[in-house]
file data_23.cif (mmCIF, C-alpha atoms)
data_input
#
loop_
_atom_site.label_atom_id
_atom_site.label_comp_id
_atom_site.auth_asym_id
_atom_site.auth_seq_id
_atom_site.Cartn_x
_atom_site.Cartn_y
_atom_site.Cartn_z
CA MET H 639 76.26 -11.30 30.19
CA GLU H 640 79.23 -9.22 31.34
CA LYS H 641 79.34 -7.49 27.96
CA THR H 642 75.64 -6.64 28.24
CA LYS H 643 76.21 -4.99 31.64
CA ARG H 644 79.10 -2.98 30.24
CA ASP H 645 76.95 -1.89 27.31
CA VAL H 646 74.17 -0.74 29.67
CA VAL H 647 76.60 1.20 31.86
CA PHE H 648 78.13 2.85 28.80
CA PHE H 649 74.66 3.73 27.47
CA VAL H 650 73.67 5.37 30.77
CA PHE H 651 76.97 7.26 30.83
CA VAL H 652 76.35 8.60 27.33
CA LEU H 653 72.82 9.67 28.29
CA THR H 654 74.09 11.64 31.29
CA ILE H 655 76.43 13.53 29.00
CA LEU H 656 73.90 14.21 26.28
CA PHE H 657 70.95 14.89 28.60
CA PRO H 658 72.27 16.11 31.96
CA ILE H 659 69.83 16.45 34.84
CA VAL H 660 68.96 20.14 35.17
CA LYS H 661 69.03 21.33 38.76
CA SER H 662 67.97 24.61 40.32
CA GLN H 663 70.62 27.08 39.24
CA THR H 664 72.85 29.02 41.59
CA PHE H 665 72.47 32.78 41.77
CA ASP H 666 74.54 35.79 42.82
CA ASN H 667 71.95 38.25 44.07
CA PHE H 668 68.35 39.39 43.89
CA TRP H 669 66.49 42.11 42.07
CA PHE H 670 63.66 43.27 44.30
CA VAL H 671 61.26 44.82 41.80
CA GLN H 672 58.51 47.19 42.90
CA GLN H 673 55.98 48.58 40.44
CA TRP H 674 53.92 51.76 40.39
CA PRO H 675 50.28 50.66 39.83
CA PRO H 676 48.97 53.89 38.24
CA ALA H 677 51.62 53.58 35.51
CA ILE H 678 51.02 49.85 35.06
CA CYS H 679 47.30 50.51 34.64
CA THR H 680 47.86 53.37 32.20
CA LEU H 681 49.57 50.83 29.95
CA GLN H 682 46.53 48.51 30.08
CA SER H 683 43.81 48.92 27.46
CA GLY H 684 41.13 47.28 29.58
CA ARG H 685 40.18 46.82 33.20
CA CYS H 686 42.93 47.29 35.77
CA VAL H 687 41.99 46.84 39.41
CA GLY H 688 45.00 48.72 40.77
CA ARG H 689 44.30 51.96 38.95
CA GLY H 690 43.63 53.82 42.20
CA THR H 691 46.46 52.26 44.22
CA ARG H 692 48.85 54.95 45.41
CA SER H 693 51.70 52.88 46.79
CA PHE H 694 54.44 50.78 45.25
CA THR H 695 53.64 47.07 45.16
CA ILE H 696 55.85 44.06 44.54
CA HIS H 697 56.29 42.82 41.00
CA GLY H 698 58.80 40.16 41.92
CA LEU H 699 61.94 38.97 43.62
CA TRP H 700 64.24 37.85 40.81
CA PRO H 701 67.45 35.83 41.29
CA GLN H 702 70.36 37.08 39.16
CA LYS H 703 73.46 35.32 37.86
CA GLY H 704 76.24 37.08 36.02
CA GLY H 705 74.12 40.18 35.50
CA ARG H 706 71.11 38.33 34.08
CA SER H 707 67.87 37.03 35.53
CA VAL H 708 67.84 33.29 36.15
CA THR H 709 64.45 31.90 35.10
CA ASN H 710 62.41 28.73 34.58
CA CYS H 711 64.60 26.40 36.62
CA SER H 712 63.66 22.89 37.71
CA GLY H 713 62.33 22.43 41.22
CA ASN H 714 59.11 22.36 43.21
CA SER H 715 56.23 24.10 41.47
CA PHE H 716 54.10 26.66 43.28
CA ASP H 717 52.03 25.23 46.12
CA PHE H 718 49.77 27.80 47.77
CA THR H 719 49.38 25.71 50.92
CA LYS H 720 53.02 26.44 51.72
CA ILE H 721 52.36 30.19 51.92
CA ALA H 722 48.72 30.27 53.02
CA HIS H 723 49.80 31.75 56.36
CA LEU H 724 51.25 34.73 54.47
CA GLU H 725 48.18 35.43 52.33
CA SER H 726 46.92 38.48 54.23
CA ASP H 727 50.32 40.18 54.03
CA LEU H 728 50.83 39.22 50.39
CA ASN H 729 47.42 40.59 49.42
CA VAL H 730 48.61 44.01 50.60
CA VAL H 731 52.21 44.14 49.36
CA TRP H 732 52.08 41.77 46.35
CA PRO H 733 48.69 42.11 44.65
CA ASN H 734 47.92 41.44 41.01
CA VAL H 735 47.16 45.05 40.13
CA VAL H 736 45.87 44.17 36.66
CA THR H 737 43.35 41.34 37.16
CA GLY H 738 43.14 41.00 40.94
CA ASN H 739 43.98 37.28 40.74
CA ASN H 740 46.72 37.38 43.36
CA LYS H 741 47.33 33.64 43.69
CA PHE H 742 47.87 33.32 39.95
CA PHE H 743 50.42 36.16 40.09
CA TRP H 744 52.31 34.61 43.01
CA GLY H 745 52.37 31.25 41.24
CA HIS H 746 53.68 32.80 38.04
CA GLU H 747 56.44 34.66 39.88
CA TRP H 748 57.53 31.58 41.84
CA ASN H 749 57.51 29.23 38.85
CA LYS H 750 59.43 31.67 36.65
CA HIS H 751 61.78 33.33 39.14
CA GLY H 752 61.54 32.15 42.73
CA ILE H 753 62.11 28.50 41.94
CA CYS H 754 65.62 29.43 40.79
CA SER H 755 66.50 30.44 44.37
CA GLU H 756 65.10 27.25 45.89
CA SER H 757 68.56 25.99 46.82
CA LYS H 758 68.53 28.65 49.55
CA PHE H 759 64.91 29.81 49.77
CA ASP H 760 61.96 27.44 49.90
CA GLN H 761 58.58 28.90 48.95
CA ALA H 762 57.67 30.09 52.44
CA LYS H 763 61.06 31.71 53.01
CA TYR H 764 61.07 33.27 49.54
CA PHE H 765 57.72 34.99 49.96
CA GLN H 766 58.44 35.99 53.56
CA THR H 767 61.71 37.52 52.40
CA ALA H 768 59.87 39.58 49.78
CA ILE H 769 57.41 40.78 52.43
CA ASN H 770 60.29 41.78 54.69
CA MET H 771 61.95 43.65 51.83
CA ARG H 772 58.78 45.58 51.05
CA HIS H 773 58.39 46.60 54.69
CA SER H 774 61.97 47.89 54.80
CA ILE H 775 61.97 49.49 51.32
CA ASP H 776 59.19 52.12 51.39
CA LEU H 777 59.97 53.82 48.10
CA LEU H 778 57.09 56.29 48.18
CA SER H 779 58.19 57.60 51.57
CA VAL H 780 61.80 57.82 50.41
CA LEU H 781 60.85 59.75 47.29
CA ARG H 782 58.62 62.14 49.20
CA THR H 783 61.45 62.81 51.63
CA GLY H 784 63.50 63.77 48.60
CA GLY H 785 60.79 66.17 47.45
CA ILE H 786 59.45 63.87 44.73
CA VAL H 787 55.69 63.31 44.70
CA PRO H 788 53.65 61.19 42.26
CA ASN H 789 51.58 63.92 40.63
CA GLY H 790 51.76 62.84 37.01
CA ALA H 791 54.33 65.49 36.14
CA SER H 792 57.75 65.11 34.54
CA LYS H 793 60.58 64.05 36.84
CA ALA H 794 64.32 64.06 36.20
CA LYS H 795 65.83 60.59 36.23
CA GLN H 796 68.94 61.77 38.06
CA ARG H 797 66.90 63.39 40.82
CA VAL H 798 64.90 60.21 41.44
CA GLU H 799 68.04 58.08 41.45
CA THR H 800 69.74 60.46 43.87
CA ALA H 801 66.79 60.46 46.28
CA ILE H 802 66.93 56.67 46.48
CA SER H 803 70.70 56.23 46.54
CA SER H 804 71.08 58.93 49.20
CA HIS H 805 68.64 57.12 51.48
CA PHE H 806 69.89 53.55 51.04
CA ALA H 807 73.52 54.32 50.12
CA LYS H 808 73.04 51.98 47.15
CA ASP H 809 72.23 52.57 43.49
CA PRO H 810 68.79 51.52 42.18
CA ILE H 811 67.59 50.61 38.70
CA LEU H 812 64.74 52.62 37.17
CA ARG H 813 62.54 50.96 34.55
CA CYS H 814 60.20 52.82 32.22
CA LYS H 815 57.71 52.07 29.46
CA THR H 816 56.15 54.26 26.79
CA ALA H 817 52.37 54.74 26.83
CA SER H 818 50.21 54.85 23.71
CA ASN H 819 50.24 58.67 23.85
CA GLY H 820 54.03 58.69 23.68
CA GLN H 821 54.62 59.58 27.32
CA VAL H 822 57.47 57.75 29.07
CA LEU H 823 56.22 56.41 32.41
CA LEU H 824 58.21 55.28 35.43
CA THR H 825 56.81 51.79 35.96
CA GLU H 826 59.30 50.00 38.24
CA ILE H 827 62.13 50.60 40.66
CA VAL H 828 64.63 47.85 41.42
CA ILE H 829 66.57 47.57 44.66
CA CYS H 830 69.31 44.92 44.75
CA PHE H 831 70.11 42.48 47.54
CA ASP H 832 72.89 39.97 48.06
CA ASP H 833 71.96 36.30 47.82
CA ASP H 834 71.15 36.24 51.54
CA GLY H 835 68.07 38.35 50.84
CA VAL H 836 69.06 40.80 53.58
CA THR H 837 72.16 42.74 52.58
CA LEU H 838 71.65 45.69 50.23
CA ILE H 839 74.09 45.98 47.32
CA ASN H 840 74.52 48.39 44.42
CA CYS H 841 72.46 47.68 41.34
CA ASN H 842 74.03 48.12 37.93
CA LYS H 843 72.59 51.51 36.96
CA ALA H 844 73.39 50.75 33.34
CA ARG H 845 70.41 48.36 33.41
CA SER H 846 68.05 51.33 33.79
CA ASN H 847 66.10 51.94 30.59
CA CYS H 848 64.50 55.29 31.46
CA ALA H 849 65.15 58.47 29.54
CA ARG H 850 66.56 61.57 31.24
CA SER H 851 63.02 62.47 32.32
CA PHE H 852 59.73 60.62 32.66
CA ILE H 853 56.23 60.91 34.08
CA PHE H 854 55.64 59.95 37.70
#

call {"tool": "encode", "arguments": {"input": "data_23.cif", "output": "structure tokens"}}
result
Amino acid sequence: MEKTKRDVVFFVFVLTILFPIVKSQTFDNFWFVQQWPPAICTLQSGRCVGRGTRSFTIHGLWPQKGGRSVTNCSGNSFDFTKIAHLESDLNVVWPNVVTGNNKFFWGHEWNKHGICSESKFDQAKYFQTAINMRHSIDLLSVLRTGGIVPNGASKAKQRVETAISSHFAKDPILRCKTASNGQVLLTEIVICFDDDGVTLINCNKARSNCARSFIF
């Protein structure tokens, strides 16, 4: 009997080594990613509900660890009832600019990214933090102050970076994609926050993938 107990304990021990329980990962900081809907819609071949939107909207709030996004962690899956009180605000700052299915978009972003910050941010706090960030990071206003307007003309990468870094005293990340006609479009701007979701920090500008100039 005693030998059987020892065998069971040993078996459980071996299992914990071979198949460790995966917990929500720790993270160093956040990427707060805002997207430019006209560019996003230009890249779509079909219907895109945000085609006429002329303000930056949230793509996501992405936990980072060691310079990489932390994704698909274990934890509590998206539950809309936990953020229902934020719906009106989220509809404005975090819409699904492609299909218009906002709840699906929020669920996707939480289950892929947000869940990895659950050790510090439950769903309500995570989405409220993103709303707060959007209210404090008005990129369109910042760019216009720097003399940069979204008129579909070519813009110098360095000028856009300087306009943002001069305002926030922190470096951003610019992300671009190439349209079917070969034009390089500014699609996203990333502002980085410490893991408290409040303190601005420098982004790693080397993560920018834009050319020296692009359309905005």

call {"tool": "resolve_selection", "arguments": {"input": "data_23.cif", "expression": "the PyMOL selection byres ((chain H and resi 805) around 12)", "output": "list in words"}}
result
Ser774, Ile775, Asp776, Leu777, Ser779, Val780, Leu781, Arg782, Thr783, Gly784, Val798, Glu799, Thr800, Ala801, Ile802, Ser803, Ser804, Phe806, Ala807, Lys808, Asp809, Pro810, Ile829 and Leu838 of chain H

call {"tool": "write_last_selection", "arguments": {"input": "data_23.cif", "atoms": "C-alpha atoms", "output": "PDB file, in the coordinates of the input"}}
result
ATOM      1  CA  SER H 774      61.970  47.890  54.800  1.00  0.00           C
ATOM      2  CA  ILE H 775      61.970  49.490  51.320  1.00  0.00           C
ATOM      3  CA  ASP H 776      59.190  52.120  51.390  1.00  0.00           C
ATOM      4  CA  LEU H 777      59.970  53.820  48.100  1.00  0.00           C
ATOM      5  CA  SER H 779      58.190  57.600  51.570  1.00  0.00           C
ATOM      6  CA  VAL H 780      61.800  57.820  50.410  1.00  0.00           C
ATOM      7  CA  LEU H 781      60.850  59.750  47.290  1.00  0.00           C
ATOM      8  CA  ARG H 782      58.620  62.140  49.200  1.00  0.00           C
ATOM      9  CA  THR H 783      61.450  62.810  51.630  1.00  0.00           C
ATOM     10  CA  GLY H 784      63.500  63.770  48.600  1.00  0.00           C
ATOM     11  CA  VAL H 798      64.900  60.210  41.440  1.00  0.00           C
ATOM     12  CA  GLU H 799      68.040  58.080  41.450  1.00  0.00           C
ATOM     13  CA  THR H 800      69.740  60.460  43.870  1.00  0.00           C
ATOM     14  CA  ALA H 801      66.790  60.460  46.280  1.00  0.00           C
ATOM     15  CA  ILE H 802      66.930  56.670  46.480  1.00  0.00           C
ATOM     16  CA  SER H 803      70.700  56.230  46.540  1.00  0.00           C
ATOM     17  CA  SER H 804      71.080  58.930  49.200  1.00  0.00           C
ATOM     18  CA  PHE H 806      69.890  53.550  51.040  1.00  0.00           C
ATOM     19  CA  ALA H 807      73.520  54.320  50.120  1.00  0.00           C
ATOM     20  CA  LYS H 808      73.040  51.980  47.150  1.00  0.00           C
ATOM     21  CA  ASP H 809      72.230  52.570  43.490  1.00  0.00           C
ATOM     22  CA  PRO H 810      68.790  51.520  42.180  1.00  0.00           C
ATOM     23  CA  ILE H 829      66.570  47.570  44.660  1.00  0.00           C
ATOM     24  CA  LEU H 838      71.650  45.690  50.230  1.00  0.00           C
TER      25      LEU H 838
END

call {"tool": "residues_around", "arguments": {"input": "data_23.cif", "residues": "region 724-736 of chain H", "least_positions_apart": "6", "cutoff": "6 Å", "atoms": "all atoms listed in the file", "output": "PyMOL selection string"}}
result
chain H and resi 686-688+695-696+743

call {"tool": "resolve_selection", "arguments": {"input": "data_23.cif", "expression": "the PyMOL selection byres ((chain H and resi 813) around 8)", "output": "number ranges by chain"}}
result
H: 811-812, 814-815, 824-828, 846-848

call {"tool": "write_last_selection", "arguments": {"input": "data_23.cif", "atoms": "C-alpha atoms", "output": "PDB file, keeping the file's coordinate frame"}}
result
ATOM      1  CA  ILE H 811      67.590  50.610  38.700  1.00  0.00           C
ATOM      2  CA  LEU H 812      64.740  52.620  37.170  1.00  0.00           C
ATOM      3  CA  CYS H 814      60.200  52.820  32.220  1.00  0.00           C
ATOM      4  CA  LYS H 815      57.710  52.070  29.460  1.00  0.00           C
ATOM      5  CA  LEU H 824      58.210  55.280  35.430  1.00  0.00           C
ATOM      6  CA  THR H 825      56.810  51.790  35.960  1.00  0.00           C
ATOM      7  CA  GLU H 826      59.300  50.000  38.240  1.00  0.00           C
ATOM      8  CA  ILE H 827      62.130  50.600  40.660  1.00  0.00           C
ATOM      9  CA  VAL H 828      64.630  47.850  41.420  1.00  0.00           C
ATOM     10  CA  SER H 846      68.050  51.330  33.790  1.00  0.00           C
ATOM     11  CA  ASN H 847      66.100  51.940  30.590  1.00  0.00           C
ATOM     12  CA  CYS H 848      64.500  55.290  31.460  1.00  0.00           C
TER      13      CYS H 848
END

call {"tool": "residues_around", "arguments": {"input": "data_23.cif", "residues": "region 789-797 of chain H", "least_positions_apart": "3", "cutoff": "6 Å", "atoms": "all atoms listed in the file", "output": "list of chain:residue names"}}
result
H:Thr800, H:Arg850, H:Ser851, H:Phe852, H:Ile853, H:Phe854

call {"tool": "closest_residue", "arguments": {"input": "data_23.cif", "among": "H:Gln702, H:Asp834, H:Lys741, H:Gln682", "to": "Tyr764 (chain H)", "atoms": "only C-alpha atoms"}}
result
H:Asp834

call {"tool": "closest_residue", "arguments": {"input": "data_23.cif", "among": "H:Gly738, H:Gly690, H:Pro788, H:Gly698", "to": "Gln673 (chain H)", "atoms": "only C-alpha atoms"}}
result
H:Gly698

call {"tool": "closest_residue", "arguments": {"input": "data_23.cif", "among": "H:Cys711, H:Arg772, H:Thr767, H:Ile721", "to": "Asp833 (chain H)", "atoms": "all atoms listed in the file"}}
result
H:Thr767

call {"tool": "resolve_selection", "arguments": {"input": "data_23.cif", "expression": "the PyMOL selection byres ((chain H and resi 759) around 12)", "output": "JSON, numbers by chain"}}
result
{"H": [662, 664, 665, 668, 699, 701, 713, 714, 748, 751, 752, 753, 754, 755, 756, 757, 758, 760, 761, 762, 763, 764, 765, 766, 767, 768, 833, 834, 835]}

call {"tool": "closest_residue", "arguments": {"input": "data_23.cif", "among": "H:Val822, H:Ala849, H:Val836, H:His723", "to": "Ala677 (chain H)", "atoms": "only C-alpha atoms"}}
result
H:Val822

call {"tool": "atom_distance", "arguments": {"input": "data_23.cif", "atom1": "CA of Thr691 (chain H)", "atom2": "CA of Val671 (chain H)"}}
result
16.7 Å

call {"tool": "atom_distance", "arguments": {"input": "data_23.cif", "atom1": "CA of Gln672 (chain H)", "atom2": "CA of Gln821 (chain H)"}}
result
20.3 Å
